[in-house]
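Worksheet: one structure, shown below.
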Amino acid sequence: MQIVILCGGSGTRLWPLSRVLFPKQFVKLFGKESLYQKTISRNQKMAQSFTVVINQDQYFMGLDQFEEIKSSQPKKFILEPMGRNTAPAIALAALSASPDDILLVVPSDHLIENQAAYELAVNKAAELASQGKLVTFGIKPSYAETGYGYIEAKDFDVLSFKEKPDAPTAQKYLAAGNYFWNSGMFCFQAKSFLQELQKHAPDIFEQSMKAFKNTNTTQDVRIKAEDMLAIRSDSIDYAVMEKSKEVKVVPADIGWSDLGSFDSLYEALPKDAHGNTIAENVIHLDSKNNLIIGGKRLISTIDVHDLMIVDTTDALVIAKKGSTQKVKDLVHEVKKRNPDMANIHTTAHRPWGTYTMLENGGEYRVNQITVRPGAKLSLQFHNHRSEHWIVVKGIATVTVDNKNFTIKKNESTFIPKECHHQLENLETEDLVLIEAQVGDYLGSDDIVRLQEDYKHP
């Protein structure tokens, strides 16, 4: 079975934890694992290989987190220059597979807590998929949710798909007992899906085929922007599942949540005896039923209840529980005032590692730079800024105007503006240094690369 992981998402519903370029699947909400990593882990036993469909701007983040899992199964990435919804994404994954391959298509940002029940449901879906069926998973509802679509079913047969209902209708669905939440997970043979896509959405099929053929498929598949734009944006539900006569549903009671809001995140996180989520650097005095997510800064509450407090290095959000769906409206306002704050975290991921902005003073900026073992930054220079590097961990191999030398922990070097320079980590552990930039302009477009060492974006 080939596991297809869909890594879409705009990063708005869990802002400021998630951002456009750092959506919720990559946030490590549960200890040391992100939702994306949990998705990989729970499917490893069933996977012959993995295919990750991901935005090209998130490729290195997705690759880094995948490699942290140390999975032994083969993997490949399909890089989308922009999202066109799930039907094209799955079509590209199916085109990259062998026709008889069974694909298990899963979102990267869902939580599933009952592994045994999940594996049973997947095995049943694979059995139906081997018969040429397109299988979806229906989640047994635990309450009358108005934010999900529903599937009306009889045994494994789909009677109808229902749009998101109002509260009275959702209550009727719950009472009926044969309505299930639409999970967004699917299982089918690659050829079965492509046949149904060609039948019911021929334009998406043709344009996806054209886009796929116009790539170099000997390695990770990178779709060209003009080819991706030519594909009509549509979901697999609208394009195929609601029209096909070959659809089956596997009812599943698997401890599922799409973690689509801070309220649902509160339900999923461990709590203390007073209903407060458990976290480091948090003190509660006579407080109960609070969601607290922070970092290194101490957060204290006194005589408060039913609050959501989310603290990041550059933003703090406080809201009443039950009102967290309004976070989308908040992000809309944030974009008006500071678009970058909605798009990126203070930490950015690059092919060689990460950098975190610690301070921005206008004419100076302080970053923490982490370079992975064996990685290096491109040979470059700057017209408007100089840089000071101080090593705090590891050994840096530095090139400045054809001069090569190393700097160790507690040592530093100065890079004048216009000097050609390169930073490399030849050791077996991470290199961490503090970089102080000083100049009249500190924009990223003042990086003039003389040698590009990475083929991907």
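Just remember, in the structure tokens the first chain shown is A, the second B, etc., residues are 1-based per chain, and ligands are 1-based in the order shown.
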Inset, instruction - Pick out the residues sitting within 12 Å of Ala91 in chain A, and hand them over as an NGL selection string; count only C-alpha atoms, and ignore anything fewer than 5 positions along from it in its own chain. - result: :A and (4 or 6 or 53 or 78 or 84-86 or 96-97 or 99 or 103 or 105 or 188-198 or 201-212 or 228 or 231 or 233-236 or 239-240)
Inset, instruction - Quick one: everything within 12 Å of range 54-60 of chain A, counting only C-alpha atoms, minus sequence neighbours fewer than 3 positions away in the same chain. Send it as a ChimeraX atom specification. - result: /A:4-10,19-23,25-26,36,51,63-67,76-86,89-90,92-93,107-108,220-225,228,343-344,348-354,454-457
Legend entry - Contacts of range 395-407 of chain A within 12 Å, only C-alpha atoms, excl. fewer than 4 positions in-chain, as an MDAnalysis selection string: chainID A and resid 369:381 387 389:391 411:434
I need the residues from that last selection saved to file as a compact mmCIF listing (two decimals), in the first residue's frame (with N, CA and C atoms), if you can.
# COMPACT_ATOMS: atom_id res chain seq x y z
N ILE A 369 21.33 31.00 13.78
CA ILE A 369 21.43 30.17 12.58
C ILE A 369 21.84 28.76 12.99
N THR A 370 21.10 27.77 12.50
CA THR A 370 21.44 26.37 12.73
C THR A 370 21.70 25.70 11.38
N VAL A 371 22.88 25.14 11.22
CA VAL A 371 23.26 24.47 9.97
C VAL A 371 23.39 22.98 10.26
N ARG A 372 22.69 22.17 9.48
CA ARG A 372 22.71 20.72 9.68
C ARG A 372 24.08 20.13 9.34
N PRO A 373 24.40 18.97 9.92
CA PRO A 373 25.67 18.31 9.56
C PRO A 373 25.78 18.07 8.06
N GLY A 374 26.93 18.42 7.49
CA GLY A 374 27.18 18.21 6.08
C GLY A 374 26.57 19.25 5.16
N ALA A 375 25.87 20.24 5.72
CA ALA A 375 25.19 21.25 4.89
C ALA A 375 26.01 22.54 4.83
N LYS A 376 25.69 23.35 3.83
CA LYS A 376 26.36 24.64 3.69
C LYS A 376 25.44 25.65 3.05
N LEU A 377 25.69 26.92 3.34
CA LEU A 377 24.97 28.00 2.69
C LEU A 377 25.66 28.31 1.36
N SER A 378 24.92 28.93 0.46
CA SER A 378 25.49 29.27 -0.84
C SER A 378 26.59 30.32 -0.71
N LEU A 379 27.56 30.25 -1.60
CA LEU A 379 28.58 31.30 -1.68
C LEU A 379 27.88 32.59 -2.10
N GLN A 380 28.07 33.68 -1.34
CA GLN A 380 27.27 34.89 -1.55
C GLN A 380 28.01 36.13 -1.07
N PHE A 381 27.39 37.29 -1.33
CA PHE A 381 27.86 38.55 -0.75
C PHE A 381 26.68 39.49 -0.61
N GLU A 387 28.30 41.39 8.52
CA GLU A 387 27.79 40.38 9.43
C GLU A 387 28.87 39.96 10.44
N TRP A 389 29.61 36.81 13.07
CA TRP A 389 29.20 35.44 13.42
C TRP A 389 29.89 35.00 14.70
N ILE A 390 29.11 34.49 15.65
CA ILE A 390 29.64 33.96 16.91
C ILE A 390 29.15 32.52 17.05
N VAL A 391 30.06 31.56 17.13
CA VAL A 391 29.68 30.16 17.24
C VAL A 391 29.33 29.83 18.69
N GLU A 411 34.19 31.46 19.68
CA GLU A 411 34.99 32.25 18.74
C GLU A 411 34.07 32.96 17.75
N SER A 412 34.60 33.99 17.08
CA SER A 412 33.77 34.78 16.17
C SER A 412 34.57 35.23 14.97
N THR A 413 33.85 35.75 13.98
CA THR A 413 34.49 36.33 12.80
C THR A 413 33.61 37.45 12.26
N PHE A 414 34.21 38.31 11.47
CA PHE A 414 33.52 39.48 10.90
C PHE A 414 33.52 39.36 9.38
N ILE A 415 32.35 39.56 8.76
CA ILE A 415 32.22 39.50 7.31
C ILE A 415 31.87 40.90 6.80
N PRO A 416 32.83 41.65 6.25
CA PRO A 416 32.51 42.99 5.73
C PRO A 416 31.56 42.90 4.54
N LYS A 417 30.80 43.95 4.29
CA LYS A 417 29.92 43.95 3.13
C LYS A 417 30.75 43.87 1.85
N GLU A 418 30.15 43.24 0.86
CA GLU A 418 30.73 43.01 -0.47
C GLU A 418 31.78 41.89 -0.48
N CYS A 419 32.11 41.32 0.68
CA CYS A 419 33.04 40.19 0.70
C CYS A 419 32.31 38.90 0.31
N HIS A 420 32.91 38.11 -0.54
CA HIS A 420 32.35 36.80 -0.89
C HIS A 420 32.56 35.86 0.29
N HIS A 421 31.49 35.18 0.72
CA HIS A 421 31.62 34.35 1.91
C HIS A 421 30.68 33.14 1.85
N GLN A 422 31.07 32.13 2.61
CA GLN A 422 30.28 30.90 2.67
C GLN A 422 30.45 30.27 4.05
N LEU A 423 29.36 29.68 4.54
CA LEU A 423 29.35 29.01 5.84
C LEU A 423 29.03 27.54 5.62
N GLU A 424 29.81 26.64 6.26
CA GLU A 424 29.63 25.21 6.05
C GLU A 424 29.81 24.48 7.37
N ASN A 425 29.08 23.37 7.51
CA ASN A 425 29.20 22.51 8.68
C ASN A 425 29.72 21.15 8.24
N LEU A 426 30.99 20.88 8.50
CA LEU A 426 31.60 19.61 8.10
C LEU A 426 31.58 18.58 9.23
N GLU A 427 30.93 18.93 10.35
CA GLU A 427 30.92 18.05 11.51
C GLU A 427 29.68 17.14 11.50
N THR A 428 29.55 16.33 12.55
CA THR A 428 28.45 15.36 12.65
C THR A 428 27.33 15.84 13.58
N GLU A 429 27.46 17.03 14.13
CA GLU A 429 26.40 17.62 14.95
C GLU A 429 26.03 18.99 14.38
N ASP A 430 24.86 19.48 14.82
CA ASP A 430 24.41 20.79 14.34
C ASP A 430 25.42 21.87 14.69
N LEU A 431 25.55 22.82 13.75
CA LEU A 431 26.31 24.04 13.99
C LEU A 431 25.32 25.14 14.34
N VAL A 432 25.52 25.80 15.48
CA VAL A 432 24.63 26.89 15.90
C VAL A 432 25.47 28.13 16.11
N LEU A 433 25.07 29.22 15.48
CA LEU A 433 25.79 30.48 15.67
C LEU A 433 24.82 31.64 15.77
N ILE A 434 25.28 32.71 16.37
CA ILE A 434 24.52 33.96 16.43
C ILE A 434 25.09 34.90 15.38
Skip Phe161 in chain A itself and residues of its chain fewer than 6 positions away, then list as a CSV table (one decimal) with N, CA and C atoms, in the first residue's frame all residues within 7 Å of it, counting only C-alpha atoms.
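Saved file selection.csv follows:
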chain,number,residue,atom,x,y,z
A,150,TYR,N,-21.5,15.4,6.1
A,150,TYR,CA,-21.9,14.1,6.6
A,150,TYR,C,-22.1,13.1,5.4
A,151,ILE,N,-21.9,11.8,5.7
A,151,ILE,CA,-22.2,10.7,4.8
A,151,ILE,C,-23.3,9.9,5.3
A,152,GLU,N,-24.4,9.7,4.6
A,152,GLU,CA,-25.5,8.8,4.9
A,152,GLU,C,-25.1,7.4,4.4
A,242,GLU,N,-18.9,12.4,-5.0
A,242,GLU,CA,-20.3,12.6,-5.0
A,242,GLU,C,-21.0,12.3,-6.3
Legend entry - In range 48-267 of chain A, DSSP strand (DSSP E) residues written as a ChimeraX atom specification: /A:49-55,75-80,102-107,111-112,134-139,150-154,157-162,179-189,221-222,247-252,256-257
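With only C-alpha atoms taken into account, the protein and nucleic acid residues at most 7 Å from range 328-333 of chain A (excluding it and anything under 3 positions from it in its own chain) are Thr12, Arg13, Gln325, Lys336, Arg337 and Ala342 of chain A.
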Residues just named, written with N, CA, C and O atoms as a JSON list (two decimals), in the first residue's frame:
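The new file again_28.json reads:
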[["chain", "number", "residue", "atom", "x", "y", "z"],
["A", 12, "THR", "N", -4.38, 29.28, 9.08],
["A", 12, "THR", "CA", -5.10, 30.39, 9.70],
["A", 12, "THR", "C", -5.89, 30.01, 10.94],
["A", 12, "THR", "O", -6.06, 30.83, 11.83],
["A", 13, "ARG", "N", -6.37, 28.76, 11.02],
["A", 13, "ARG", "CA", -7.31, 28.44, 12.10],
["A", 13, "ARG", "C", -6.62, 28.26, 13.46],
["A", 13, "ARG", "O", -7.28, 28.35, 14.49],
["A", 325, "GLN", "N", -13.47, 30.04, 16.63],
["A", 325, "GLN", "CA", -13.70, 30.07, 15.18],
["A", 325, "GLN", "C", -13.46, 31.47, 14.62],
["A", 325, "GLN", "O", -13.26, 31.65, 13.41],
["A", 336, "LYS", "N", -4.05, 42.87, 7.27],
["A", 336, "LYS", "CA", -4.16, 44.28, 6.90],
["A", 336, "LYS", "C", -3.00, 45.10, 7.48],
["A", 336, "LYS", "O", -2.49, 46.02, 6.86],
["A", 337, "ARG", "N", -2.61, 44.74, 8.71],
["A", 337, "ARG", "CA", -1.62, 45.54, 9.42],
["A", 337, "ARG", "C", -0.19, 45.05, 9.20],
["A", 337, "ARG", "O", 0.74, 45.84, 9.10],
["A", 342, "ALA", "N", 1.19, 37.11, 9.42],
["A", 342, "ALA", "CA", 0.24, 36.04, 9.09],
["A", 342, "ALA", "C", 0.90, 34.94, 8.28],
["A", 342, "ALA", "O", 0.41, 33.81, 8.27]]
Inset, instruction - For Lys248 in chain A, please output as number ranges by chain all residues within 6 Å (counting only C-alpha atoms; exclusion window: fewer than 6 positions along the same chain). - result: A: 135, 156-158
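Residues of range 149-192 of chain A carrying a DSSP assignment of alpha helix (DSSP H), computed from the backbone, are A:Ala167, A:Pro168, A:Thr169, A:Ala170, A:Gln171, A:Lys172, A:Tyr173, A:Leu174, A:Ala175, A:Ala176, A:Ala190, A:Lys191, A:Ser192.
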Limited to all heavy atoms, could you put the picked residues into a file as an mmCIF file, in the first residue's frame?
data_model
loop_
_atom_site.group_PDB
_atom_site.id
_atom_site.type_symbol
_atom_site.label_atom_id
_atom_site.label_comp_id
_atom_site.auth_asym_id
_atom_site.auth_seq_id
_atom_site.Cartn_x
_atom_site.Cartn_y
_atom_site.Cartn_z
ATOM 1 N N ALA A 167 -27.788 23.297 13.106
ATOM 2 C CA ALA A 167 -27.789 22.543 14.365
ATOM 3 C C ALA A 167 -28.946 21.538 14.461
ATOM 4 O O ALA A 167 -28.715 20.374 14.836
ATOM 5 C CB ALA A 167 -27.796 23.506 15.543
ATOM 6 N N PRO A 168 -30.189 21.917 14.119
ATOM 7 C CA PRO A 168 -31.275 20.923 14.212
ATOM 8 C C PRO A 168 -31.060 19.730 13.273
ATOM 9 O O PRO A 168 -31.346 18.589 13.647
ATOM 10 C CB PRO A 168 -32.522 21.733 13.819
ATOM 11 C CG PRO A 168 -32.173 23.151 14.119
ATOM 12 C CD PRO A 168 -30.719 23.259 13.805
ATOM 13 N N THR A 169 -30.558 19.999 12.063
ATOM 14 C CA THR A 169 -30.315 18.902 11.119
ATOM 15 C C THR A 169 -29.197 18.001 11.614
ATOM 16 O O THR A 169 -29.282 16.763 11.517
ATOM 17 C CB THR A 169 -29.966 19.468 9.732
ATOM 18 O OG1 THR A 169 -31.010 20.334 9.294
ATOM 19 C CG2 THR A 169 -29.779 18.350 8.717
ATOM 20 N N ALA A 170 -28.133 18.591 12.161
ATOM 21 C CA ALA A 170 -27.036 17.793 12.711
ATOM 22 C C ALA A 170 -27.532 16.899 13.842
ATOM 23 O O ALA A 170 -27.102 15.746 13.969
ATOM 24 C CB ALA A 170 -25.918 18.708 13.196
ATOM 25 N N GLN A 171 -28.474 17.408 14.652
ATOM 26 C CA GLN A 171 -29.031 16.608 15.745
ATOM 27 C C GLN A 171 -29.828 15.429 15.194
ATOM 28 O O GLN A 171 -29.776 14.319 15.739
ATOM 29 C CB GLN A 171 -29.930 17.493 16.625
ATOM 30 C CG GLN A 171 -30.294 16.863 17.959
ATOM 31 C CD GLN A 171 -29.088 16.583 18.827
ATOM 32 O OE1 GLN A 171 -28.265 17.467 19.082
ATOM 33 N NE2 GLN A 171 -28.960 15.342 19.286
ATOM 34 N N LYS A 172 -30.551 15.645 14.096
ATOM 35 C CA LYS A 172 -31.302 14.550 13.457
ATOM 36 C C LYS A 172 -30.342 13.491 12.914
ATOM 37 O O LYS A 172 -30.605 12.290 13.026
ATOM 38 C CB LYS A 172 -32.168 15.101 12.324
ATOM 39 C CG LYS A 172 -33.354 15.933 12.789
ATOM 40 C CD LYS A 172 -34.136 16.471 11.594
ATOM 41 C CE LYS A 172 -35.288 17.358 12.047
ATOM 42 N NZ LYS A 172 -36.015 17.949 10.893
ATOM 43 N N TYR A 173 -29.232 13.944 12.305
ATOM 44 C CA TYR A 173 -28.248 12.994 11.794
ATOM 45 C C TYR A 173 -27.688 12.136 12.932
ATOM 46 O O TYR A 173 -27.519 10.915 12.784
ATOM 47 C CB TYR A 173 -27.096 13.724 11.108
ATOM 48 C CG TYR A 173 -27.438 14.423 9.814
ATOM 49 C CD1 TYR A 173 -26.557 15.358 9.254
ATOM 50 C CD2 TYR A 173 -28.617 14.169 9.129
ATOM 51 C CE1 TYR A 173 -26.838 15.999 8.058
ATOM 52 C CE2 TYR A 173 -28.920 14.805 7.943
ATOM 53 C CZ TYR A 173 -28.032 15.723 7.414
ATOM 54 O OH TYR A 173 -28.323 16.365 6.238
ATOM 55 N N LEU A 174 -27.378 12.776 14.049
ATOM 56 C CA LEU A 174 -26.819 12.057 15.181
ATOM 57 C C LEU A 174 -27.804 11.022 15.718
ATOM 58 O O LEU A 174 -27.434 9.880 16.010
ATOM 59 C CB LEU A 174 -26.437 13.050 16.283
ATOM 60 C CG LEU A 174 -25.742 12.482 17.512
ATOM 61 C CD1 LEU A 174 -24.376 11.915 17.148
ATOM 62 C CD2 LEU A 174 -25.597 13.555 18.594
ATOM 63 N N ALA A 175 -29.083 11.414 15.797
ATOM 64 C CA ALA A 175 -30.111 10.514 16.330
ATOM 65 C C ALA A 175 -30.375 9.346 15.386
ATOM 66 O O ALA A 175 -30.699 8.234 15.833
ATOM 67 C CB ALA A 175 -31.399 11.295 16.587
ATOM 68 N N ALA A 176 -30.227 9.570 14.078
ATOM 69 C CA ALA A 176 -30.530 8.523 13.098
ATOM 70 C C ALA A 176 -29.572 7.338 13.209
ATOM 71 O O ALA A 176 -29.950 6.188 12.974
ATOM 72 C CB ALA A 176 -30.497 9.098 11.686
ATOM 73 N N ALA A 190 -4.888 3.246 -7.848
ATOM 74 C CA ALA A 190 -4.569 4.435 -8.640
ATOM 75 C C ALA A 190 -5.385 4.472 -9.929
ATOM 76 O O ALA A 190 -5.954 5.506 -10.299
ATOM 77 C CB ALA A 190 -3.068 4.463 -8.947
ATOM 78 N N LYS A 191 -5.480 3.328 -10.621
ATOM 79 C CA LYS A 191 -6.198 3.301 -11.895
ATOM 80 C C LYS A 191 -7.693 3.522 -11.701
ATOM 81 O O LYS A 191 -8.344 4.165 -12.546
ATOM 82 C CB LYS A 191 -5.945 1.986 -12.625
ATOM 83 C CG LYS A 191 -6.486 0.740 -11.919
ATOM 84 C CD LYS A 191 -6.132 -0.534 -12.668
ATOM 85 C CE LYS A 191 -6.650 -1.785 -11.964
ATOM 86 N NZ LYS A 191 -6.235 -3.031 -12.660
ATOM 87 N N SER A 192 -8.263 3.026 -10.593
ATOM 88 C CA SER A 192 -9.692 3.204 -10.345
ATOM 89 C C SER A 192 -10.016 4.679 -10.155
ATOM 90 O O SER A 192 -11.006 5.192 -10.698
ATOM 91 C CB SER A 192 -10.131 2.412 -9.108
ATOM 92 O OG SER A 192 -9.888 1.040 -9.285
#
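Considering the residues A:Asp340, A:Pro16, A:Lys288, A:Ile69 and counting only C-alpha atoms, Glu33 in chain A has its shortest atom-to-atom contact with A:Ile69.
From CA of Glu246 in chain A back to CA of Val106 in chain A, the distance works out to 19.5 Å.
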